[in-house]
Each structure stands twice: as structure tokens, then as C-alpha cells.
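Peer 1: My structure file start09.txt, compact mmCIF, C-alpha atoms and all ligand atoms, is below:
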```txt
# COMPACT_ATOMS: atom_id res chain seq x y z
CA MET A 74 -1.84 11.88 155.90
CA LYS A 75 1.67 12.18 154.63
CA SER A 76 3.71 9.04 154.85
CA PHE A 77 7.09 10.56 155.32
CA ALA A 78 8.18 7.66 157.48
CA LEU A 79 8.39 5.55 154.39
CA LEU A 80 10.88 7.94 152.92
CA ALA A 81 12.77 8.38 156.13
CA MET A 82 13.22 4.68 156.54
CA VAL A 83 15.30 4.27 153.43
CA LEU A 84 16.87 7.69 153.28
CA GLY A 85 18.09 7.24 156.80
CA LEU A 86 21.10 5.55 155.31
CA ALA A 87 22.05 8.78 153.62
CA GLY A 88 22.35 10.79 156.82
CA HIS A 89 21.09 14.27 157.30
CA VAL A 90 20.46 16.36 154.28
CA SER A 91 18.39 18.98 156.03
CA SER A 92 21.03 21.39 157.27
CA GLY A 93 20.22 23.75 154.42
CA TYR A 94 16.55 24.27 155.30
CA PRO A 95 15.84 27.85 156.39
CA PHE A 96 13.43 26.81 159.15
CA CYS A 97 15.85 24.22 160.51
CA GLN A 98 18.53 26.58 161.75
CA GLY A 99 19.78 27.52 165.19
CA GLN A 100 17.93 25.61 167.91
CA PHE A 101 16.29 23.51 165.18
CA ALA A 102 19.46 22.61 163.30
CA PRO A 103 19.63 18.83 162.77
CA THR A 104 22.82 18.35 164.73
CA PRO A 105 23.56 15.00 166.38
CA GLN A 106 23.01 16.71 169.72
CA HIS A 107 19.51 17.94 168.80
CA CYS A 108 18.50 14.79 166.95
CA ALA A 109 19.73 12.05 169.28
CA LYS A 110 16.47 12.04 171.28
CA PHE A 111 14.42 11.12 168.22
CA GLY A 112 16.45 7.97 167.56
CA PHE A 113 16.02 8.05 163.80
CA GLU A 114 19.44 6.60 163.14
CA LYS A 115 18.99 3.46 165.18
CA HIS A 116 15.75 1.89 164.02
CA PRO A 117 13.34 2.44 161.18
CA PRO A 118 10.49 4.78 162.17
CA CYS A 119 7.90 2.12 161.40
CA ILE A 120 6.91 -1.21 162.97
CA GLU A 121 4.50 -3.90 161.81
CA SER A 122 0.94 -4.01 163.04
CA THR A 123 0.16 -6.66 165.60
CA ASN A 124 -3.63 -6.71 165.38
CA CYS A 125 -6.40 -5.71 162.98
CA THR A 126 -5.72 -1.98 163.19
CA THR A 127 -2.75 0.32 162.77
CA PHE A 128 -4.19 2.87 165.24
CA TYR A 129 -3.92 3.20 168.99
CA ASP A 130 -7.12 2.61 170.90
CA ILE A 131 -7.93 6.14 172.11
CA SER A 132 -11.43 5.42 173.38
CA HIS A 133 -10.29 6.11 176.97
CA LEU A 134 -8.98 9.61 176.16
CA PRO A 135 -11.27 12.50 177.17
CA ASP A 136 -13.34 14.12 174.45
CA GLN A 137 -14.20 17.71 173.63
CA GLU A 138 -16.24 19.57 171.05
CA ILE A 139 -15.25 22.17 168.48
CA SER A 140 -17.61 24.76 167.01
CA ALA A 141 -18.41 24.50 163.31
CA GLN A 142 -16.70 27.84 162.70
CA ALA A 143 -13.51 26.87 164.54
CA ALA A 144 -13.44 23.53 162.72
CA LYS A 145 -13.73 25.45 159.47
CA MET A 146 -10.79 27.68 160.42
CA ALA A 147 -8.69 24.67 161.44
CA GLN A 148 -9.40 22.85 158.19
CA LEU A 149 -8.68 25.94 156.09
CA ILE A 150 -5.36 26.56 157.87
CA THR A 151 -4.22 22.99 157.24
CA ASN A 152 -5.49 23.21 153.67
CA VAL A 153 -3.15 26.16 153.11
CA PHE A 154 -0.23 24.04 154.33
CA GLU A 155 -1.26 20.96 152.36
CA ASN A 156 -2.59 22.55 149.20
CA GLY A 157 -1.15 26.04 149.11
CA ASN A 158 -4.27 28.16 149.48
CA THR A 159 -7.74 28.35 151.01
CA ILE A 160 -9.49 26.53 148.18
CA MET A 161 -10.21 23.10 149.62
CA GLY A 162 -8.11 20.60 147.68
CA TYR A 163 -10.64 17.82 147.30
CA ALA A 164 -9.33 17.14 143.78
CA TYR A 165 -5.69 17.89 144.51
CA VAL A 166 -3.33 15.06 143.69
CA HIS A 167 0.24 15.70 144.55
CA ALA A 168 2.90 13.21 143.60
CA ALA A 169 5.38 13.19 146.45
CA LEU A 170 8.40 12.27 144.42
CA ARG A 171 10.88 9.99 146.00
CA SER A 172 14.49 10.81 146.01
CA LYS A 173 16.46 9.72 142.99
CA MET A 174 18.50 7.65 145.39
CA LEU A 175 15.58 5.28 145.76
CA GLU A 176 15.22 4.49 142.13
CA PRO A 177 17.84 1.76 142.02
CA LEU A 178 15.97 0.09 144.88
CA HIS A 179 12.36 0.50 143.94
CA GLY A 180 12.15 2.14 140.54
CA PRO A 181 10.77 5.64 140.08
CA SER A 182 7.91 5.12 142.48
CA PHE A 183 6.02 7.84 144.21
CA SER A 184 3.14 8.03 146.59
CA PRO A 185 0.32 10.26 145.49
CA LEU A 186 -1.18 12.40 148.19
CA SER A 187 -4.74 12.98 147.17
CA GLY A 188 -7.68 15.00 148.38
CA TYR A 189 -7.84 17.82 150.87
CA ILE A 190 -5.61 16.19 153.49
CA GLY A 191 -3.28 14.11 151.37
CA PHE A 192 -4.88 10.69 151.65
CA THR A 193 -2.36 8.06 150.56
CA SER A 194 -1.96 4.33 150.14
CA GLY A 195 1.23 4.66 152.20
CA THR A 196 -0.80 5.03 155.40
CA ASN A 197 -3.97 3.20 154.26
CA ASP A 198 -6.26 6.21 154.42
CA ALA A 199 -6.78 6.43 150.65
CA TYR A 200 -8.03 2.82 150.79
CA THR A 201 -10.38 3.72 153.64
CA VAL A 202 -11.81 6.66 151.67
CA VAL A 203 -12.45 4.51 148.60
CA GLN A 204 -14.01 1.71 150.69
CA GLU A 205 -16.37 4.20 152.31
CA TYR A 206 -17.18 5.77 148.94
CA ASN A 207 -18.02 2.31 147.59
CA LYS A 208 -20.48 1.86 150.46
CA ARG A 209 -22.24 5.09 149.58
CA THR A 210 -22.55 4.61 145.85
CA ASN A 211 -22.03 1.42 143.93
CA LYS A 212 -21.31 3.18 140.67
CA ASN A 213 -18.22 5.28 141.11
CA ALA A 214 -15.06 5.95 139.13
CA LEU A 215 -12.72 4.81 141.92
CA SER A 216 -14.22 1.43 142.81
CA LYS A 217 -12.17 -0.40 140.18
CA PHE A 218 -9.01 0.48 142.15
CA THR A 219 -10.27 -1.07 145.38
CA ALA A 220 -8.45 -4.39 144.90
CA GLU A 221 -5.08 -2.75 144.26
CA LEU A 222 -5.52 -0.35 147.20
CA SER A 223 -6.35 -3.35 149.36
CA ARG A 224 -3.24 -5.17 148.17
CA LEU A 225 -1.06 -2.15 148.98
CA SER A 226 -2.67 -1.71 152.40
CA ASN A 227 -1.97 -5.33 153.25
CA LEU A 228 1.77 -5.07 152.56
CA PRO A 229 4.01 -4.91 155.62
CA PHE A 230 3.90 -1.38 156.99
CA CYS A 231 7.65 -0.99 156.68
CA ASN A 232 7.65 -1.98 153.02
CA SER A 233 7.99 1.26 151.14
CA THR A 234 6.42 -0.17 147.99
CA ARG A 235 3.03 0.15 149.74
CA ALA A 236 3.14 3.82 148.72
CA SER A 237 3.91 3.04 145.12
CA ILE A 238 1.20 3.72 142.63
CA SER A 239 2.87 2.08 139.68
CA LYS A 240 -0.12 -0.29 139.39
CA LEU A 241 -2.71 2.44 140.04
CA GLY A 242 -1.14 4.90 137.68
CA GLN A 243 -2.60 7.90 135.94
CA PRO A 244 -6.08 6.31 135.61
CA TYR A 245 -6.36 6.36 139.42
CA VAL A 246 -5.29 9.99 139.58
CA ASP A 247 -7.80 10.88 136.86
CA ALA A 248 -10.59 8.98 138.62
CA TRP A 249 -9.84 10.78 141.90
CA VAL A 250 -10.00 14.19 140.20
CA GLU A 251 -13.16 13.29 138.27
CA SER A 252 -14.90 12.05 141.41
CA ALA A 253 -13.94 15.11 143.46
CA CYS A 254 -15.07 17.48 140.69
CA THR A 255 -18.31 15.83 139.70
CA ASP A 256 -19.68 13.92 142.71
CA SER A 257 -20.44 15.69 145.98
CA VAL A 258 -20.94 12.27 147.59
CA PHE A 259 -17.20 11.71 147.16
CA VAL A 260 -16.33 15.09 148.66
CA GLN A 261 -18.61 14.40 151.63
CA THR A 262 -16.93 11.01 152.01
CA GLN A 263 -13.52 12.71 152.22
CA LEU A 264 -14.85 15.16 154.82
CA ASP A 265 -16.52 12.48 156.94
CA LEU A 266 -13.35 10.37 156.93
CA GLY A 267 -11.24 13.41 157.69
CA HIS A 268 -13.39 14.12 160.74
CA ALA A 269 -13.41 10.56 162.08
CA MET A 270 -9.78 9.77 161.35
CA TYR A 271 -8.14 13.11 162.15
CA LEU A 272 -10.32 15.91 163.55
CA ARG A 273 -12.04 13.95 166.35
CA PRO A 274 -8.83 12.16 167.41
CA ALA A 275 -6.99 15.53 167.39
CA LEU A 276 -9.63 16.93 169.77
CA LYS A 277 -9.13 13.95 172.07
CA PHE A 278 -5.34 14.25 172.12
CA ALA A 279 -5.79 17.99 172.78
CA ALA A 280 -8.26 17.40 175.64
CA TYR A 281 -5.88 14.83 177.12
CA SER A 282 -3.11 17.45 177.00
CA GLY A 283 -5.16 20.22 178.58
CA VAL A 284 -5.52 22.12 175.31
CA THR A 285 -8.97 23.67 174.87
CA SER A 286 -8.48 26.92 172.92
CA ASN A 287 -9.56 27.02 169.30
CA VAL A 288 -6.05 27.81 168.09
CA GLY A 289 -4.74 24.89 170.16
CA LYS A 290 -7.29 22.56 168.60
CA ALA A 291 -6.20 23.77 165.16
CA ILE A 292 -2.54 23.16 166.04
CA PHE A 293 -3.33 19.59 167.16
CA TYR A 294 -5.39 19.03 164.03
CA ASP A 295 -2.57 20.18 161.78
CA THR A 296 -0.08 18.02 163.68
CA ILE A 297 -2.18 14.89 163.42
CA ILE A 298 -2.71 15.46 159.71
CA GLU A 299 1.01 15.59 159.07
CA HIS A 300 2.27 13.13 161.68
CA GLY A 301 -0.61 10.74 162.08
CA TRP A 302 -1.50 8.74 165.20
CA GLN A 303 -0.84 5.19 164.07
CA TYR A 304 1.15 2.99 166.42
CA VAL A 305 3.01 1.58 163.42
CA GLU A 306 4.83 4.94 163.08
CA PRO A 307 5.96 5.31 166.69
CA LYS A 308 8.84 7.68 166.00
CA ILE A 309 7.02 10.41 164.16
CA ASN A 310 3.39 10.30 165.30
CA ILE A 311 1.63 12.85 167.50
CA TRP A 312 1.91 10.57 170.50
CA ARG A 313 5.70 10.68 170.22
CA ILE A 314 5.67 14.49 170.08
CA LEU A 315 3.44 14.57 173.18
CA GLN A 316 5.76 12.22 175.06
CA LEU A 317 8.86 14.27 174.23
CA THR A 318 7.07 17.54 175.03
CA GLY A 319 6.07 16.26 178.46
CA PRO A 320 2.87 17.10 180.32
CA ARG A 321 1.50 20.63 180.46
CA GLY A 322 1.98 20.77 184.22
CA LYS A 323 1.70 24.30 185.56
CA ASP A 324 2.36 25.89 182.18
CA SER A 325 -0.19 28.20 180.62
CA GLU A 326 -1.83 26.70 177.55
CA GLN A 327 0.10 29.17 175.39
CA ALA A 328 3.46 28.16 176.91
CA TYR A 329 2.62 24.47 176.55
CA LEU A 330 1.62 24.89 172.89
CA LEU A 331 4.87 26.71 172.15
CA ARG A 332 6.81 23.83 173.73
CA PHE A 333 4.79 21.36 171.70
CA LEU A 334 5.38 23.24 168.44
CA ASN A 335 9.11 23.56 169.11
CA MET A 336 9.32 19.80 169.66
CA ARG A 337 7.36 19.12 166.48
CA ARG A 338 9.63 21.43 164.51
CA SER A 339 12.80 19.83 165.94
CA LEU A 340 11.49 16.42 165.03
CA LEU A 341 10.65 17.46 161.46
CA CYS A 342 14.10 19.00 161.06
CA CYS A 343 15.74 15.79 162.29
CA VAL A 344 13.83 13.36 160.06
CA PRO A 345 16.54 12.18 157.68
CA ASP A 346 14.68 12.67 154.45
CA ASN A 347 14.29 15.63 152.16
CA VAL A 348 10.55 16.15 152.61
CA SER A 349 9.96 16.58 156.32
CA PRO A 350 12.47 19.38 157.09
CA SER A 351 11.03 21.50 154.31
CA SER A 352 7.68 21.45 156.13
CA ALA A 353 9.14 23.13 159.23
CA ASP A 354 7.87 26.39 157.72
CA ARG A 355 4.28 25.45 158.60
CA VAL A 356 5.28 25.02 162.23
CA SER A 357 6.91 28.45 162.08
CA ASP A 358 3.63 29.95 160.84
CA LEU A 359 1.66 28.23 163.61
CA THR A 360 4.17 29.39 166.19
CA ASP A 361 3.82 32.99 164.97
CA LEU A 362 0.09 32.81 165.73
CA ILE A 363 0.73 32.41 169.44
CA ALA A 364 4.31 33.57 170.06
CA THR A 365 3.55 36.79 171.98
CA SER A 366 0.79 37.67 174.42
CA ALA A 367 -0.67 40.03 171.83
CA SER A 368 -0.75 37.35 169.14
CA TRP A 369 -2.16 34.81 171.61
CA GLU A 370 -4.96 37.19 172.56
CA ARG A 371 -5.70 37.89 168.93
CA ASN A 372 -5.66 34.30 167.69
CA LYS A 373 -6.60 32.02 170.58
CA ASP A 374 -10.29 31.93 169.64
CA LEU A 375 -9.68 31.91 165.88
CA SER A 376 -12.34 34.60 165.59
CA ASN A 377 -10.05 36.96 163.65
CA PRO A 378 -8.47 36.40 160.23
CA VAL A 379 -5.28 34.37 160.54
CA ARG A 380 -2.17 35.33 158.57
CA LEU A 381 0.13 32.48 157.53
CA ALA A 382 3.21 34.44 156.59
CA GLN A 383 5.44 31.79 155.00
CA TYR A 384 2.57 30.54 152.87
CA GLY A 385 1.46 34.04 151.90
CA ALA A 386 -2.14 33.29 152.81
CA THR A 387 -4.80 34.72 155.08
CA VAL A 388 -7.57 32.51 156.41
CA LYS A 389 -10.68 34.56 157.09
CA GLY A 390 -13.26 31.97 157.99
CA SER A 391 -15.74 33.23 155.41
CA GLU A 392 -14.26 31.16 152.57
CA ASN A 393 -16.46 28.84 150.57
CA MET A 394 -15.42 25.24 151.30
CA GLY A 395 -17.90 23.77 148.86
CA TYR A 396 -16.00 23.18 145.65
CA ASP A 397 -12.40 22.76 144.51
CA THR A 398 -12.43 25.54 141.91
CA LYS A 399 -8.65 25.40 141.58
CA ASN A 400 -8.18 21.75 140.64
CA CYS A 401 -11.49 21.32 138.83
CA LYS A 402 -10.92 23.80 136.01
CA LYS A 403 -11.38 20.99 133.47
CA TYR A 404 -14.84 20.33 134.84
CA LYS A 405 -17.90 22.47 135.29
CA GLN A 406 -19.31 22.62 138.78
CA PRO A 407 -22.45 20.51 138.47
CA LYS A 408 -25.73 22.43 138.76
CA ASN A 409 -27.37 22.11 142.19
CA TRP A 410 -24.04 21.07 143.72
CA HIS A 411 -24.70 20.46 147.36
CA PHE A 412 -23.35 18.08 149.95
CA PRO A 413 -25.32 15.10 151.23
CA LYS A 414 -25.81 14.99 154.99
CA ALA A 415 -22.60 14.39 156.92
CA VAL A 416 -22.21 10.87 158.33
CA ASP A 417 -20.65 10.41 161.75
CA LEU A 418 -18.15 7.59 161.21
CA PRO A 419 -16.46 5.82 164.13
CA ILE A 420 -12.94 6.82 165.15
CA PRO A 421 -10.67 4.03 163.87
CA GLY A 422 -8.83 1.72 166.24
CA THR A 423 -11.57 1.61 168.86
CA GLU A 424 -13.50 -1.36 167.61
CA SER A 425 -12.27 -4.74 168.79
CA CYS A 426 -10.51 -7.09 166.43
CA HIS A 427 -12.84 -9.69 164.96
CA ARG A 428 -11.01 -11.76 162.47
C1 LIG B 1 -3.56 -3.00 168.59
O1 LIG B 1 -2.21 -3.05 168.99
C2 LIG B 1 -1.67 -1.81 169.40
C3 LIG B 1 -0.18 -1.98 169.63
O2 LIG B 1 0.06 -2.96 170.57
C4 LIG B 1 -2.41 -1.28 170.61
O3 LIG B 1 -1.91 -0.02 170.98
C5 LIG B 1 -3.89 -1.16 170.26
O4 LIG B 1 -4.63 -0.77 171.39
C6 LIG B 1 -4.42 -2.50 169.73
N1 LIG B 1 -5.82 -2.32 169.31
C7 LIG B 1 -6.76 -3.26 169.47
C8 LIG B 1 -8.14 -2.88 169.02
O5 LIG B 1 -6.53 -4.32 169.94
C1 LIG B 2 7.87 -5.34 149.60
O1 LIG B 2 6.77 -5.92 148.97
C2 LIG B 2 6.99 -6.33 147.64
C3 LIG B 2 5.67 -6.77 147.03
O2 LIG B 2 5.07 -7.77 147.82
C4 LIG B 2 8.04 -7.43 147.64
O3 LIG B 2 8.33 -7.84 146.31
C5 LIG B 2 9.33 -6.88 148.27
O4 LIG B 2 10.27 -7.90 148.38
C6 LIG B 2 9.03 -6.31 149.66
N1 LIG B 2 10.22 -5.64 150.13
C7 LIG B 2 10.68 -5.80 151.37
C8 LIG B 2 11.90 -5.00 151.72
O5 LIG B 2 10.13 -6.53 152.17
```
Represent the structure from my file as C-alpha cells, please.
Peer 2:
Amino acid sequence: MKSFALLAMVLGLAGHVSSGYPFCQGQFAPTPQHCAKFGFEKHPPCIESTNCTTFYDISHLPDQEISAQAAKMAQLITNVFENGNTIMGYAYVHAALRSKMLEPLHGPSFSPLSGYIGFTSGTNDAYTVVQEYNKRTNKNALSKFTAELSRLSNLPFCNSTRASISKLGQPYVDAWVESACTDSVFVQTQLDLGHAMYLRPALKFAAYSGVTSNVGKAIFYDTIIEHGWQYVEPKINIWRILQLTGPRGKDSEQAYLLRFLNMRRSLLCCVPDNVSPSSADRVSDLTDLIATSASWERNKDLSNPVRLAQYGATVKGSENMGYDTKNCKKYKQPKNWHFPKAVDLPIPGTESCHR
């Protein structure tokens, strides 16, 4: 998950820089009037954790299923937004560069977003992936970084150096790429964590909100990937968007989803950093999928190819999700490459705190 809160926290001092973003115009322009409700100016968007988890306990929220094909569509759509195309970015490592303004404070630090959904030390999920990988195989290229990932994850949540990889460095990036390109156990670990930490919670938040269509599930999945659902980021997480959107009430599911997407886009445009507003284009693409009754009819089941206009990509649903051919050019796909059986991991935040 992206940790844009960490950026926002410090860049907040600099005021809004997002007025120039093409998808943050008109009703989404980051004017004081539009942005006041998000309260970014008053307090940092993060708080410290008070117990052994950074997640809400969502065990009481209703649950729902998603078909394998719809889950595939949802993951491919978000992969386009995160990694630029429909080749699953298991080996993608993207250095989210901090603003130059931060360098006097923290040095030229950056938080790498790695894997198909941008796992990062900034929000602890990279540490969780590596811990789970260690459990599955005791000889792996990433295990030597476990101690440093643990150290970063134990820093105060509002300390932006937790996203710094100055001590992990290029060797960590190389080990991530090598693992994703040569070991299907690592790719399966990413997928299993992605399901437990993001897909299943997204389905619960959707069920709670009265959202049951496949396109609605995909929209909630994409939102939770970008915004997260940790209580330590109360200003930007999916829960906050749901609160500001208000209940579905008598609205049709389509009308409710459009309200939800508009609120998400407003929020992104108001985050006072220079990363979040630029991602308003993905919300525009999702909105286009359901904006008219014709597009709703066509896309609600995700059974037709989906066009993501701003990203210049079409998701068909027949894509091969098995190997990251784009970021693994240096490697040869191992012979007999196949995934081990998926493991159903628990949704985080639901277990009680035993210290
Ligand atoms: C941890 O604390 C948060 C914030 O108070 C709360 O929402 C969550 O339910 C707590 N989780 C556990 C397992 O105690
Ligand atoms: C963040 O953590 C680092 C490393 O522990 C520490 O040196 C620094 O003072 C902390 N910064 C803040 C603002 O707490």
C-alpha cells in the first residue's frame, strides 16, 4: 500500500501544490472550501498505534465472496494503476521519491514500493510479506533484511524515516526482484498477503456499504490498496472516505459508488503532497466505468473487457497473471514455473493482542 500519509505529514507545511493537476479541477480543485472537511491542515494524517496492531478490528463487518474471475479482473485493474499495464508487477520496485524539500530534514530518502501492490516499509506490509516468506522457506534472498524491516516497522508511525530504505539499499531491491523472478513461493506469498490484507477486507467494507456488484468490489479493492484501512492513518484511509460519503441509504448502488468515488477523488486532490493528487486520474478511469446507465450495464459484472482510458490499457480478464515478464527480463522464467497452493491467511487486526 502506498504510504502517502508520510509525505503529506511533512509537506503539509508547504500548502497545496496540487492546483495544476488535470484531474483536480473544477469540483475537485483543492480550494480551502473543498478541502476544509478533510482537515489536513490541522493535524498530521497519522497517529500512533495504541495496541499490537495498526488495523481496525473488522471481524464484525459482514462478509461476501468474489468469483475467481472477478477477483482476477479487480487485481488486473489495480495492477494497471500501480504498475502501468496488465503484467502483474511482482518484481516491480518503484522508488517513490520524496520531494527535494525533505532532503534538508531527512536526507534523500525514499520509500520503495515493491511487488504487485506496492508493499512498503512505510505501512509495514513489506515486513509482513518478508516474515511470511521466511515462514515458507528458510533459504531466501530477502531473509537477511528481516531485522532492518522489523526496526523500521517498530518506529513511531508518524516518523517518516520508517519509509526510508537507506539501510536496506539496492541489495534489498535486487533481492526483491530476484525472489519475484526466480521463486514462485515468493510470488504466492505476495498474493496470499494481498488477499488477506486487502482483498478480503475490501469485500467486507463493500458488504458493509451495500456494495455487491463486481465492479463495486473492484472499486473498493482499488481504494483499499491506495488508501489502506489502518487506524493509524485516520485521515486518508477507506474508513474516512466511507464516513464522508455517508451511508448508501436509498441510493442505487451505481449512484452510491459515484458518490464514493467523487469523495475519494476530492480527498486525493486535497492531500497536500505532490503524489496523491496525481493519482486522481485512476479515480477518473474508475468513474468512467460506471458514469452512465449504459456503462454501468456494460461493466457492473466485469464480464466484458474494461477500458482504462487515462492509463491507455484494456483489461480483458484472459491475461496471464503467472509471471512478471516485464520486470524479469534479466532472468529466465524457471522451467516448470507454477504456483504452490494458495494459503488462506487471517485478516490482520482481528486477533487479540497477546504481548
Ligand atoms: C487496536 O486499537 C484500535 C484503535 O483504538 C482499535 O480500533 C482496534 O480495534 C484495536 N485492536 C485490538 C485487536 O485491540
Ligand atoms: C524518527 O526516528 C529516527 C530513528 O529512530 C530518530 O532518529 C528521529 O529522531 C525520529 N524523528 C522524529 C521526528 O521523531
Peer 1: What does the distance between CA of Thr285 in chain A and CA of Gln383 in chain A come to in Å, to one decimal place?
Peer 2: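 We find that CA of Thr285 in chain A and CA of Gln383 in chain A lie 25.9 Å from each other.
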Peer 1: Kindly indicate which residue among A:Ile131, A:Gln263, A:Asp247, A:Ser216 lies nearest to Lys403 in chain A, using all atoms listed in the file for the distances.
Peer 2: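 So, comparing all the options, the nearest one is A:Asp247.
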Peer 1: Just want the residues within 9 Å of ligand LIG 2 (chain B), written as a VMD selection string, counting all atoms listed in the file.
Peer 2: chain A and resid 179 224 to 225 228 to 229 231 to 235
Peer 1: Could you tell me, counting all atoms listed in the file, which protein and nucleic acid residues lie no more than 10 Å from ligand LIG 1 (chain B), written as a list of chain:residue names?
Peer 2: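 Residues lying within 10 Å of ligand LIG 1 (chain B): A:Ile120, A:Glu121, A:Ser122, A:Thr123, A:Asn124, A:Cys125, A:Thr126, A:Thr127, A:Phe128, A:Tyr129, A:Asp130, A:Ile131, A:Ser132, A:Gln303, A:Tyr304, A:Val305, A:Pro307, A:Pro421, A:Gly422, A:Thr423, A:Glu424, A:Ser425, A:Cys426, A:His427.
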Peer 1: Using all atoms listed in the file, which of A:Trp302, A:Phe259, A:Phe293, A:Tyr271 sits nearest Pro419 in chain A?
Peer 2: A:Tyr271
Peer 1: When you draw a straight line from CA of Cys343 in chain A to CA of Trp312 in chain A, how long is it in Å?
Peer 2: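 Between CA of Cys343 in chain A and CA of Trp312 in chain A the gap works out to 16.9 Å.
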Peer 1: If I wrap all listed atoms of range 263-271 of chain A in a box with edges along x, y and z and add 5 Å on each side, what are its centre and edge lengths in Å to one decimal, as AutoDock Vina command-line options?
Peer 2:
```
--center_x -12.3 --center_y 12.5 --center_z 157.2 --size_x 18.4 --size_y 15.4 --size_z 19.9
```
Peer 1: Would you please work out which residue, of A:Glu306, A:Glu155, A:Asp417, A:Asp354, is nearest to Arg337 in chain A when using only C-alpha atoms?
Peer 2: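 Looking at the shortest contact to Arg337 in chain A, the residue is A:Asp354.
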Peer 1: Counting all atoms listed in the file, note down every residue that has an atom within 12 Å of the point (-8.5, 26.1, 139.5) (file coordinates), as JSON, numbers by chain.
Peer 2: {"A": [156, 158, 159, 160, 161, 162, 163, 164, 165, 254, 396, 397, 398, 399, 400, 401, 402, 403, 404, 405, 406]}
Peer 1: Do you know which residues are at most 7 Å from Asp136 in chain A counting all atoms listed in the file, after dropping those on the same chain fewer than 2 positions away, and could you put them as a PyMOL selection string?
Peer 2: chain A and resi 134+276-277+280
Peer 1: Mind checking which residues fall within 9 Å of Leu241 in chain A, counting all atoms listed in the file, ignoring those fewer than 6 positions away in the same chain, and posting them as a PDB file with C-alpha atoms, keeping the file's coordinate frame?
Peer 2:
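As written to disk, selection-v5.pdb reads:
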```pdb
ATOM      1  CA  PHE A 218      -9.010   0.480 142.150  1.00  0.00           C
ATOM      2  CA  GLU A 221      -5.080  -2.750 144.260  1.00  0.00           C
ATOM      3  CA  LEU A 222      -5.520  -0.350 147.200  1.00  0.00           C
TER       4      LEU A 222
END
```
Peer 1: Could the residues of range 283-360 of chain A that have an atom at most 8 Å from range 369-375 of chain A be listed as a tab-separated table, each with its closest atom pair and the distance in Å to one decimal, counting only C-alpha atoms and ordered by chain and ascending residue number?
Peer 2:
```
residue	atom	partner	partner_atom	distance
A:Ser286	CA	A:Lys373	CA	5.9
A:Asn287	CA	A:Asp374	CA	5.0
A:Val288	CA	A:Lys373	CA	4.9
A:Gly289	CA	A:Lys373	CA	7.4
A:Gln327	CA	A:Trp369	CA	7.2
```
Peer 1: Report, in Å with one decimal, the straight-line distance from CA of Phe333 in chain A to CA of Phe230 in chain A.
Peer 2: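 Going from CA of Phe333 in chain A over to CA of Phe230 in chain A covers 27.1 Å.
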Peer 1: Measuring between all atoms listed in the file, which one of A:Leu272, A:Leu340, A:Val284, A:Val258 shows the shortest distance to Ala147 in chain A?
Peer 2: A:Leu272
Peer 1: Restricting the calculation to only C-alpha atoms: of A:Gln148, A:Thr196, A:Gln142, A:Asn347, which residue gets closest to Ser237 in chain A?
Peer 2: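 Result for the nearest residue to Ser237 in chain A: A:Thr196.
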Peer 1: Which one is closest to Gly93 in chain A: A:Leu334, A:Leu266, A:Thr151, A:Cys342? Count all atoms listed in the file.
Peer 2: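 Counting all atoms listed in the file, the residue closest to Gly93 in chain A is A:Cys342.
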